[in-house]
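As stored in entry-v1.cif (mmCIF, C-alpha atoms, pLDDT in the B column; chains and numbers go by the auth columns):
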```
data_upload
#
loop_
_atom_site.group_PDB
_atom_site.id
_atom_site.type_symbol
_atom_site.label_atom_id
_atom_site.label_comp_id
_atom_site.label_asym_id
_atom_site.label_seq_id
_atom_site.Cartn_x
_atom_site.Cartn_y
_atom_site.Cartn_z
_atom_site.B_iso_or_equiv
_atom_site.auth_seq_id
_atom_site.auth_asym_id
ATOM 1 C CA MET A 1 21.034 55.491 -35.583 47.00 1489 A
ATOM 2 C CA SER A 2 19.134 54.105 -32.623 46.00 1490 A
ATOM 3 C CA LYS A 3 18.472 50.450 -32.223 47.00 1491 A
ATOM 4 C CA MET A 4 14.827 49.431 -32.200 41.00 1492 A
ATOM 5 C CA LYS A 5 13.503 46.163 -30.923 38.00 1493 A
ATOM 6 C CA THR A 6 10.854 44.459 -32.953 37.00 1494 A
ATOM 7 C CA ILE A 7 7.943 43.218 -30.898 36.00 1495 A
ATOM 8 C CA ILE A 8 6.263 40.203 -32.376 39.00 1496 A
ATOM 9 C CA ALA A 9 2.736 39.368 -31.276 41.00 1497 A
ATOM 10 C CA PRO A 10 2.566 35.854 -29.810 42.00 1498 A
ATOM 11 C CA ASN A 11 0.656 33.229 -31.741 41.00 1499 A
ATOM 12 C CA ARG A 12 -2.099 31.065 -30.277 40.00 1500 A
ATOM 13 C CA ARG A 13 0.272 28.198 -29.424 43.00 1501 A
ATOM 14 C CA GLN A 14 2.563 30.560 -27.485 41.00 1502 A
ATOM 15 C CA ILE A 15 -0.397 32.011 -25.566 38.00 1503 A
ATOM 16 C CA LEU A 16 -1.766 28.566 -24.669 39.00 1504 A
ATOM 17 C CA GLY A 17 1.710 27.426 -23.648 42.00 1505 A
ATOM 18 C CA ALA A 18 2.122 30.441 -21.397 40.00 1506 A
ATOM 19 C CA LEU A 19 -1.284 29.817 -19.805 40.00 1507 A
ATOM 20 C CA ALA A 20 -0.405 26.179 -19.152 41.00 1508 A
ATOM 21 C CA ALA A 21 2.944 27.184 -17.656 41.00 1509 A
ATOM 22 C CA THR A 22 1.211 29.723 -15.415 40.00 1510 A
ATOM 23 C CA ALA A 23 -1.305 27.127 -14.222 43.00 1511 A
ATOM 24 C CA ALA A 24 1.476 24.611 -13.608 42.00 1512 A
ATOM 25 C CA ALA A 25 3.423 27.161 -11.592 41.00 1513 A
ATOM 26 C CA ALA A 26 0.287 27.835 -9.546 44.00 1514 A
ATOM 27 C CA GLY A 27 0.172 24.189 -8.536 47.00 1515 A
ATOM 28 C CA SER A 28 -2.114 22.359 -10.997 46.00 1516 A
ATOM 29 C CA THR A 29 -0.810 19.009 -12.142 50.00 1517 A
ATOM 30 C CA GLY A 30 -0.669 16.872 -15.250 54.00 1518 A
ATOM 31 C CA ALA A 31 -3.398 17.035 -17.863 56.00 1519 A
ATOM 32 C CA TRP A 32 -5.389 19.421 -15.675 64.00 1520 A
ATOM 33 C CA ALA A 33 -2.779 22.184 -15.835 68.00 1521 A
ATOM 34 C CA ALA A 34 -4.681 24.262 -18.414 82.00 1522 A
ATOM 35 C CA THR A 35 -8.040 23.877 -16.632 91.00 1523 A
ATOM 36 C CA PRO A 36 -9.260 26.965 -14.741 96.00 1524 A
ATOM 37 C CA SER A 37 -8.784 26.612 -11.010 96.00 1525 A
ATOM 38 C CA LEU A 38 -11.345 27.598 -8.431 97.00 1526 A
ATOM 39 C CA THR A 39 -10.694 28.194 -4.723 97.00 1527 A
ATOM 40 C CA PHE A 40 -13.088 28.084 -1.802 96.00 1528 A
ATOM 41 C CA GLU A 41 -12.598 31.821 -1.304 95.00 1529 A
ATOM 42 C CA GLU A 42 -13.890 32.394 -4.855 96.00 1530 A
ATOM 43 C CA LEU A 43 -17.165 30.462 -4.514 95.00 1531 A
ATOM 44 C CA TYR A 44 -19.456 33.214 -3.261 92.00 1532 A
ATOM 45 C CA GLY A 45 -19.597 36.908 -4.112 90.00 1533 A
ATOM 46 C CA LYS A 46 -21.740 38.124 -1.263 83.00 1534 A
ATOM 47 C CA VAL A 47 -24.504 37.276 1.156 80.00 1535 A
ATOM 48 C CA GLY A 48 -27.804 38.783 0.029 77.00 1536 A
ATOM 49 C CA VAL A 49 -31.316 38.749 1.449 80.00 1537 A
ATOM 50 C CA LEU A 50 -31.842 35.360 -0.195 75.00 1538 A
ATOM 51 C CA GLY A 51 -28.613 33.918 1.187 78.00 1539 A
ATOM 52 C CA LEU A 52 -25.267 33.248 -0.452 82.00 1540 A
ATOM 53 C CA GLU A 53 -24.796 34.438 -4.040 90.00 1541 A
ATOM 54 C CA PHE A 54 -22.325 32.778 -6.382 93.00 1542 A
ATOM 55 C CA SER A 55 -19.307 34.834 -7.411 95.00 1543 A
ATOM 56 C CA ALA A 56 -18.862 36.144 -10.939 96.00 1544 A
ATOM 57 C CA LYS A 57 -16.083 33.570 -11.421 97.00 1545 A
ATOM 58 C CA VAL A 58 -18.359 30.660 -10.457 97.00 1546 A
ATOM 59 C CA ASN A 59 -21.071 31.945 -12.800 96.00 1547 A
ATOM 60 C CA ALA A 60 -18.517 32.269 -15.617 97.00 1548 A
ATOM 61 C CA LEU A 61 -17.221 28.713 -15.056 97.00 1549 A
ATOM 62 C CA LYS A 62 -20.654 27.066 -14.780 97.00 1550 A
ATOM 63 C CA GLY A 63 -20.774 24.047 -17.092 97.00 1551 A
ATOM 64 C CA ARG A 64 -17.007 24.091 -17.675 97.00 1552 A
ATOM 65 C CA ALA A 65 -14.203 21.864 -16.455 97.00 1553 A
ATOM 66 C CA VAL A 66 -12.534 23.194 -13.303 98.00 1554 A
ATOM 67 C CA THR A 67 -9.855 22.135 -10.860 97.00 1555 A
ATOM 68 C CA MET A 68 -10.225 22.595 -7.092 97.00 1556 A
ATOM 69 C CA ARG A 69 -8.047 21.696 -4.128 97.00 1557 A
ATOM 70 C CA GLY A 70 -9.345 20.769 -0.723 97.00 1558 A
ATOM 71 C CA PHE A 71 -10.025 17.902 1.629 95.00 1559 A
ATOM 72 C CA MET A 72 -12.295 14.897 1.338 93.00 1560 A
ATOM 73 C CA ALA A 73 -14.819 14.819 4.163 89.00 1561 A
ATOM 74 C CA PRO A 74 -15.232 11.343 5.667 82.00 1562 A
ATOM 75 C CA PRO A 75 -17.728 9.517 3.402 78.00 1563 A
ATOM 76 C CA LEU A 76 -20.886 7.660 4.373 70.00 1564 A
ATOM 77 C CA LYS A 77 -19.524 4.362 3.037 72.00 1565 A
ATOM 78 C CA ALA A 78 -16.050 2.962 2.373 71.00 1566 A
ATOM 79 C CA GLU A 79 -16.826 2.976 -1.358 76.00 1567 A
ATOM 80 C CA ALA A 80 -19.131 5.457 -3.062 81.00 1568 A
ATOM 81 C CA ASN A 81 -19.354 7.501 -6.237 87.00 1569 A
ATOM 82 C CA PHE A 82 -19.434 10.876 -4.465 89.00 1570 A
ATOM 83 C CA PHE A 83 -17.879 12.787 -1.588 91.00 1571 A
ATOM 84 C CA VAL A 84 -17.871 16.274 -0.097 91.00 1572 A
ATOM 85 C CA LEU A 85 -14.905 18.539 -0.799 94.00 1573 A
ATOM 86 C CA THR A 86 -14.140 20.921 2.072 93.00 1574 A
ATOM 87 C CA LYS A 87 -11.798 23.845 2.643 93.00 1575 A
ATOM 88 C CA ILE A 88 -10.448 22.409 5.888 90.00 1576 A
ATOM 89 C CA PRO A 89 -10.147 18.792 7.077 90.00 1577 A
ATOM 90 C CA MET A 90 -13.285 17.526 8.822 84.00 1578 A
ATOM 91 C CA ALA A 91 -13.163 14.821 11.468 76.00 1579 A
ATOM 92 C CA LEU A 92 -16.806 13.784 11.057 69.00 1580 A
ATOM 93 C CA CYS A 93 -18.881 12.759 8.101 64.00 1581 A
ATOM 94 C CA PRO A 94 -20.968 15.816 7.173 58.00 1582 A
ATOM 95 C CA PHE A 95 -23.986 13.558 6.642 57.00 1583 A
ATOM 96 C CA CYS A 96 -23.698 12.301 10.220 60.00 1584 A
ATOM 97 C CA SER A 97 -24.105 15.717 11.828 57.00 1585 A
ATOM 98 C CA SER A 98 -26.800 18.364 11.559 53.00 1586 A
ATOM 99 C CA ASP A 99 -26.738 20.774 8.626 50.00 1587 A
ATOM 100 C CA ALA A 100 -26.113 23.572 11.136 46.00 1588 A
ATOM 101 C CA ASP A 101 -22.596 22.123 11.605 55.00 1589 A
ATOM 102 C CA TRP A 102 -21.737 22.124 7.905 60.00 1590 A
ATOM 103 C CA PRO A 103 -19.565 24.862 6.472 69.00 1591 A
ATOM 104 C CA ASP A 104 -21.180 26.976 3.734 73.00 1592 A
ATOM 105 C CA ASP A 105 -18.297 26.462 1.367 83.00 1593 A
ATOM 106 C CA ILE A 106 -18.577 22.767 0.541 89.00 1594 A
ATOM 107 C CA VAL A 107 -18.718 21.241 -2.922 94.00 1595 A
ATOM 108 C CA VAL A 108 -20.229 17.836 -3.661 93.00 1596 A
ATOM 109 C CA VAL A 109 -18.025 15.806 -5.990 95.00 1597 A
ATOM 110 C CA TYR A 110 -19.573 13.070 -8.134 94.00 1598 A
ATOM 111 C CA LEU A 111 -17.084 10.546 -9.491 93.00 1599 A
ATOM 112 C CA GLY A 112 -17.404 8.460 -12.624 84.00 1600 A
ATOM 113 C CA ASP A 113 -17.125 5.208 -10.641 81.00 1601 A
ATOM 114 C CA LYS A 114 -17.295 4.077 -7.024 79.00 1602 A
ATOM 115 C CA GLN A 115 -13.916 4.035 -5.367 78.00 1603 A
ATOM 116 C CA THR A 116 -12.240 4.000 -1.992 78.00 1604 A
ATOM 117 C CA PHE A 117 -11.254 7.295 -0.439 85.00 1605 A
ATOM 118 C CA VAL A 118 -8.273 9.005 1.176 89.00 1606 A
ATOM 119 C CA GLN A 119 -7.788 10.154 4.755 89.00 1607 A
ATOM 120 C CA PRO A 120 -9.600 13.425 5.623 87.00 1608 A
ATOM 121 C CA SER A 121 -6.302 15.222 6.349 90.00 1609 A
ATOM 122 C CA THR A 122 -4.916 14.546 2.848 95.00 1610 A
ATOM 123 C CA THR A 123 -4.934 17.440 0.369 96.00 1611 A
ATOM 124 C CA ILE A 124 -6.471 16.438 -2.951 96.00 1612 A
ATOM 125 C CA GLU A 125 -7.008 18.079 -6.320 96.00 1613 A
ATOM 126 C CA VAL A 126 -10.355 17.477 -8.029 95.00 1614 A
ATOM 127 C CA HIS A 127 -11.067 17.922 -11.725 96.00 1615 A
ATOM 128 C CA GLY A 128 -14.523 17.847 -13.314 96.00 1616 A
ATOM 129 C CA LYS A 129 -17.476 19.824 -14.655 97.00 1617 A
ATOM 130 C CA LEU A 130 -18.858 22.586 -12.410 98.00 1618 A
ATOM 131 C CA GLU A 131 -22.624 22.667 -11.793 97.00 1619 A
ATOM 132 C CA THR A 132 -24.458 25.327 -9.793 95.00 1620 A
ATOM 133 C CA GLY A 133 -27.913 25.721 -8.295 91.00 1621 A
ATOM 134 C CA SER A 134 -29.919 23.800 -5.762 89.00 1622 A
ATOM 135 C CA TRP A 135 -30.211 20.099 -6.604 92.00 1623 A
ATOM 136 C CA THR A 136 -31.416 17.114 -4.574 92.00 1624 A
ATOM 137 C CA ASP A 137 -29.671 13.798 -5.110 89.00 1625 A
ATOM 138 C CA PRO A 138 -32.476 11.259 -5.683 90.00 1626 A
ATOM 139 C CA GLU A 139 -30.485 8.402 -4.073 83.00 1627 A
ATOM 140 C CA THR A 140 -29.356 10.142 -0.880 81.00 1628 A
ATOM 141 C CA GLY A 141 -31.698 13.121 -0.541 83.00 1629 A
ATOM 142 C CA PHE A 142 -28.603 15.326 -0.110 83.00 1630 A
ATOM 143 C CA VAL A 143 -29.207 18.912 -1.270 85.00 1631 A
ATOM 144 C CA SER A 144 -26.269 20.765 -2.811 87.00 1632 A
ATOM 145 C CA LEU A 145 -25.678 24.221 -4.278 89.00 1633 A
ATOM 146 C CA LEU A 146 -22.364 23.431 -5.989 93.00 1634 A
ATOM 147 C CA ARG A 147 -21.269 20.193 -7.595 96.00 1635 A
ATOM 148 C CA ILE A 148 -18.374 18.897 -9.623 97.00 1636 A
ATOM 149 C CA ARG A 149 -19.519 16.052 -11.882 97.00 1637 A
ATOM 150 C CA ASP A 150 -17.673 13.414 -13.881 95.00 1638 A
ATOM 151 C CA ALA A 151 -14.832 14.072 -11.482 96.00 1639 A
ATOM 152 C CA GLN A 152 -11.444 12.565 -10.862 93.00 1640 A
ATOM 153 C CA TYR A 153 -9.125 13.353 -8.009 93.00 1641 A
ATOM 154 C CA SER A 154 -5.489 12.928 -7.139 93.00 1642 A
ATOM 155 C CA VAL A 155 -3.484 13.327 -3.963 94.00 1643 A
ATOM 156 C CA VAL A 156 -1.366 16.496 -3.961 93.00 1644 A
#
```

In structure tokens, what does this structure look like?
Amino acid sequence: MSKMKTIIAPNRRQILGALAATAAAAGSTGAWAATPSLTFEELYGKVGVLGLEFSAKVNALKGRAVTMRGFMAPPLKAEANFFVLTKIPMALCPFCSSDADWPDDIVVVYLGDKQTFVQPSTTIEVHGKLETGSWTDPETGFVSLLRIRDAQYSVV
């Protein structure tokens, strides 16, 4: 008589636990471990006749909580409620140079409260709600295509 292994389908708790463990192994921290992560390489799908087009992943995550890693561009002020998240460290404030110098893959991060910021060479992890589409900040006049709202960040 041959031995047969019984395969038991995992329950919801086991699936969620496995997803959280996978996210933790990928580098997400703390309470954000189960939140979908988004990388700068995943922001845009292609460049069309109308410019950059969001990737399928960005479109799927629109309106949802996401986690992203990157660098905080030097802010306009020592304390503010927003900053620009970049793929690579930037030595200059992006608002202080022409828009021709800005990388395409930046994300504006709006925090819940004003706070002081970290050095531009420090890797951070941001968590918040992803918004897409062109929007002009009424206070600064800054136009953004991608934003993370109600955000928090931590040093990695």

| request: For the structure shown, which residues end up in the PyMOL selection byres ((chain A and resi 1523-1531) around 7)? Put them as a list of chain:residue names, please? | output: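 So the PyMOL selection byres ((chain A and resi 1523-1531) around 7), applied here, picks out A:Trp1520, A:Ala1521, A:Ala1522, A:Tyr1532, A:Gly1533, A:Phe1542, A:Ser1543, A:Val1546, A:Ala1553, A:Val1554, A:Thr1555, A:Met1556, A:Lys1575, A:Asp1593.
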
| request: Have a look at CA of Ala1579 (chain A) and CA of Arg1557 (chain A) and let me know their distance in Å, one decimal. | output: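 Separating CA of Ala1579 (chain A) from CA of Arg1557 (chain A) is a distance of 17.8 Å.
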
Exactly which residues make up the result of the PyMOL selection byres ((chain A and resi 1609-1623) around 7) on this file, given as a PDB file with C-alpha atoms, keeping the file's coordinate frame?
```pdb
ATOM      1  CA  LEU A1549     -17.221  28.713 -15.056  1.00 97.00           C
ATOM      2  CA  LYS A1550     -20.654  27.066 -14.780  1.00 97.00           C
ATOM      3  CA  GLY A1551     -20.774  24.047 -17.092  1.00 97.00           C
ATOM      4  CA  ARG A1552     -17.007  24.091 -17.675  1.00 97.00           C
ATOM      5  CA  ALA A1553     -14.203  21.864 -16.455  1.00 97.00           C
ATOM      6  CA  VAL A1554     -12.534  23.194 -13.303  1.00 98.00           C
ATOM      7  CA  THR A1555      -9.855  22.135 -10.860  1.00 97.00           C
ATOM      8  CA  MET A1556     -10.225  22.595  -7.092  1.00 97.00           C
ATOM      9  CA  ARG A1557      -8.047  21.696  -4.128  1.00 97.00           C
ATOM     10  CA  GLY A1558      -9.345  20.769  -0.723  1.00 97.00           C
ATOM     11  CA  PHE A1559     -10.025  17.902   1.629  1.00 95.00           C
ATOM     12  CA  PRO A1577     -10.147  18.792   7.077  1.00 90.00           C
ATOM     13  CA  VAL A1606      -8.273   9.005   1.176  1.00 89.00           C
ATOM     14  CA  GLN A1607      -7.788  10.154   4.755  1.00 89.00           C
ATOM     15  CA  PRO A1608      -9.600  13.425   5.623  1.00 87.00           C
ATOM     16  CA  THR A1624     -31.416  17.114  -4.574  1.00 92.00           C
ATOM     17  CA  ASP A1625     -29.671  13.798  -5.110  1.00 89.00           C
ATOM     18  CA  VAL A1631     -29.207  18.912  -1.270  1.00 85.00           C
ATOM     19  CA  SER A1632     -26.269  20.765  -2.811  1.00 87.00           C
ATOM     20  CA  LEU A1633     -25.678  24.221  -4.278  1.00 89.00           C
ATOM     21  CA  LEU A1634     -22.364  23.431  -5.989  1.00 93.00           C
ATOM     22  CA  ARG A1635     -21.269  20.193  -7.595  1.00 96.00           C
ATOM     23  CA  ILE A1636     -18.374  18.897  -9.623  1.00 97.00           C
ATOM     24  CA  ARG A1637     -19.519  16.052 -11.882  1.00 97.00           C
ATOM     25  CA  ASP A1638     -17.673  13.414 -13.881  1.00 95.00           C
ATOM     26  CA  ALA A1639     -14.832  14.072 -11.482  1.00 96.00           C
ATOM     27  CA  GLN A1640     -11.444  12.565 -10.862  1.00 93.00           C
ATOM     28  CA  TYR A1641      -9.125  13.353  -8.009  1.00 93.00           C
ATOM     29  CA  SER A1642      -5.489  12.928  -7.139  1.00 93.00           C
ATOM     30  CA  VAL A1643      -3.484  13.327  -3.963  1.00 94.00           C
ATOM     31  CA  VAL A1644      -1.366  16.496  -3.961  1.00 93.00           C
TER      32      VAL A1644
END
```

| field | Selected residue of minimal separation from Val1572 (chain A) among A:Ala1544, A:Phe1605, A:Gly1600, A:Val1537, counting only C-alpha atoms | value |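 Checking each of A:Ala1544, A:Phe1605, A:Gly1600, A:Val1537 against Val1572 (chain A), counting only C-alpha atoms, the winner is A:Phe1605.
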
| At most 10 Å from (-26.0, 10.3, -8.0), file frame, all atoms listed in the file: which residues, as a list in words? |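 These residues have at least one counted atom within 10 Å: Ala1568, Asn1569, Phe1570, Val1597, Tyr1598, Leu1599, Gly1600, Thr1624, Asp1625, Pro1626, Glu1627, Thr1628, Gly1629, Phe1630 and Arg1637 of chain A.
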
| message | Please enumerate the residues selected by the PyMOL selection byres ((chain A and resi 1567) around 6) when evaluated against the supplied file, formatted as a ChimeraX atom specification. | response | /A:1565-1566,1568,1602-1604

Could you turn the residues from that selection into a file that holds C-alpha atoms, as a compact mmCIF listing (two decimals), in the frame of the given file?
```
# COMPACT_ATOMS: atom_id res chain seq x y z
CA LYS A 1565 -19.52 4.36 3.04
CA ALA A 1566 -16.05 2.96 2.37
CA ALA A 1568 -19.13 5.46 -3.06
CA LYS A 1602 -17.30 4.08 -7.02
CA GLN A 1603 -13.92 4.04 -5.37
CA THR A 1604 -12.24 4.00 -1.99
```

| field | Computed interatomic separation between CA of Asp1592 (chain A) and CA of Glu1541 (chain A) (Å) | value |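 For CA of Asp1592 (chain A) relative to CA of Glu1541 (chain A), the distance reads 11.4 Å.
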
| field | Atom-to-atom span, CA of Val1535 (chain A) and CA of Val1595 (chain A), Å | value | 17.5 Å

Residue completion, region 1554-1578 of chain A, N, CA and C atoms, as an mmCIF file, in the frame of the given file:
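The file below, result-v1.cif, is the result:
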```cif
data_model
loop_
_atom_site.group_PDB
_atom_site.id
_atom_site.type_symbol
_atom_site.label_atom_id
_atom_site.label_comp_id
_atom_site.auth_asym_id
_atom_site.auth_seq_id
_atom_site.Cartn_x
_atom_site.Cartn_y
_atom_site.Cartn_z
ATOM 1 N N VAL A 1554 -13.291 22.414 -14.279
ATOM 2 C CA VAL A 1554 -12.534 23.194 -13.303
ATOM 3 C C VAL A 1554 -11.656 22.256 -12.485
ATOM 4 N N THR A 1555 -10.697 22.855 -11.800
ATOM 5 C CA THR A 1555 -9.855 22.135 -10.860
ATOM 6 C C THR A 1555 -9.963 22.836 -9.520
ATOM 7 N N MET A 1556 -10.153 22.054 -8.451
ATOM 8 C CA MET A 1556 -10.225 22.595 -7.092
ATOM 9 C C MET A 1556 -9.379 21.748 -6.164
ATOM 10 N N ARG A 1557 -8.793 22.404 -5.171
ATOM 11 C CA ARG A 1557 -8.047 21.696 -4.128
ATOM 12 C C ARG A 1557 -8.803 21.798 -2.815
ATOM 13 N N GLY A 1558 -8.697 20.765 -2.027
ATOM 14 C CA GLY A 1558 -9.345 20.769 -0.723
ATOM 15 C C GLY A 1558 -9.138 19.441 -0.028
ATOM 16 N N PHE A 1559 -10.100 19.119 0.829
ATOM 17 C CA PHE A 1559 -10.025 17.902 1.629
ATOM 18 C C PHE A 1559 -11.303 17.100 1.445
ATOM 19 N N MET A 1560 -11.162 15.797 1.479
ATOM 20 C CA MET A 1560 -12.295 14.897 1.338
ATOM 21 C C MET A 1560 -12.895 14.674 2.723
ATOM 22 N N ALA A 1561 -14.148 15.087 2.895
ATOM 23 C CA ALA A 1561 -14.819 14.819 4.163
ATOM 24 C C ALA A 1561 -15.029 13.313 4.291
ATOM 25 N N PRO A 1562 -15.007 12.784 5.501
ATOM 26 C CA PRO A 1562 -15.232 11.343 5.667
ATOM 27 C C PRO A 1562 -16.552 10.923 5.005
ATOM 28 N N PRO A 1563 -16.523 9.928 4.138
ATOM 29 C CA PRO A 1563 -17.728 9.517 3.402
ATOM 30 C C PRO A 1563 -18.665 8.664 4.252
ATOM 31 N N LEU A 1564 -19.894 8.519 3.733
ATOM 32 C CA LEU A 1564 -20.886 7.660 4.373
ATOM 33 C C LEU A 1564 -20.461 6.197 4.363
ATOM 34 N N LYS A 1565 -19.915 5.754 3.219
ATOM 35 C CA LYS A 1565 -19.524 4.362 3.037
ATOM 36 C C LYS A 1565 -18.056 4.304 2.628
ATOM 37 N N ALA A 1566 -17.450 3.131 2.770
ATOM 38 C CA ALA A 1566 -16.050 2.962 2.373
ATOM 39 C C ALA A 1566 -15.872 3.167 0.872
ATOM 40 N N GLU A 1567 -16.857 2.757 0.086
ATOM 41 C CA GLU A 1567 -16.826 2.976 -1.358
ATOM 42 C C GLU A 1567 -18.107 3.669 -1.773
ATOM 43 N N ALA A 1568 -17.976 4.733 -2.553
ATOM 44 C CA ALA A 1568 -19.131 5.457 -3.062
ATOM 45 C C ALA A 1568 -18.716 6.193 -4.326
ATOM 46 N N ASN A 1569 -19.689 6.757 -5.025
ATOM 47 C CA ASN A 1569 -19.354 7.501 -6.237
ATOM 48 C C ASN A 1569 -19.412 9.013 -6.018
ATOM 49 N N PHE A 1570 -19.462 9.446 -4.747
ATOM 50 C CA PHE A 1570 -19.434 10.876 -4.465
ATOM 51 C C PHE A 1570 -18.814 11.117 -3.093
ATOM 52 N N PHE A 1571 -18.375 12.354 -2.885
ATOM 53 C CA PHE A 1571 -17.879 12.787 -1.588
ATOM 54 C C PHE A 1571 -18.038 14.294 -1.493
ATOM 55 N N VAL A 1572 -17.780 14.838 -0.321
ATOM 56 C CA VAL A 1572 -17.871 16.274 -0.097
ATOM 57 C C VAL A 1572 -16.459 16.833 -0.005
ATOM 58 N N LEU A 1573 -16.182 17.846 -0.821
ATOM 59 C CA LEU A 1573 -14.905 18.539 -0.799
ATOM 60 C C LEU A 1573 -15.030 19.730 0.139
ATOM 61 N N THR A 1574 -14.086 19.851 1.075
ATOM 62 C CA THR A 1574 -14.140 20.921 2.072
ATOM 63 C C THR A 1574 -12.845 21.736 2.050
ATOM 64 N N LYS A 1575 -12.943 22.935 2.583
ATOM 65 C CA LYS A 1575 -11.798 23.845 2.643
ATOM 66 C C LYS A 1575 -10.788 23.396 3.698
ATOM 67 N N ILE A 1576 -11.299 22.872 4.796
ATOM 68 C CA ILE A 1576 -10.448 22.409 5.888
ATOM 69 C C ILE A 1576 -10.788 20.947 6.177
ATOM 70 N N PRO A 1577 -9.846 20.193 6.737
ATOM 71 C CA PRO A 1577 -10.147 18.792 7.077
ATOM 72 C C PRO A 1577 -11.285 18.711 8.090
ATOM 73 N N MET A 1578 -12.178 17.749 7.894
ATOM 74 C CA MET A 1578 -13.285 17.526 8.822
ATOM 75 C C MET A 1578 -13.122 16.153 9.452
#
```
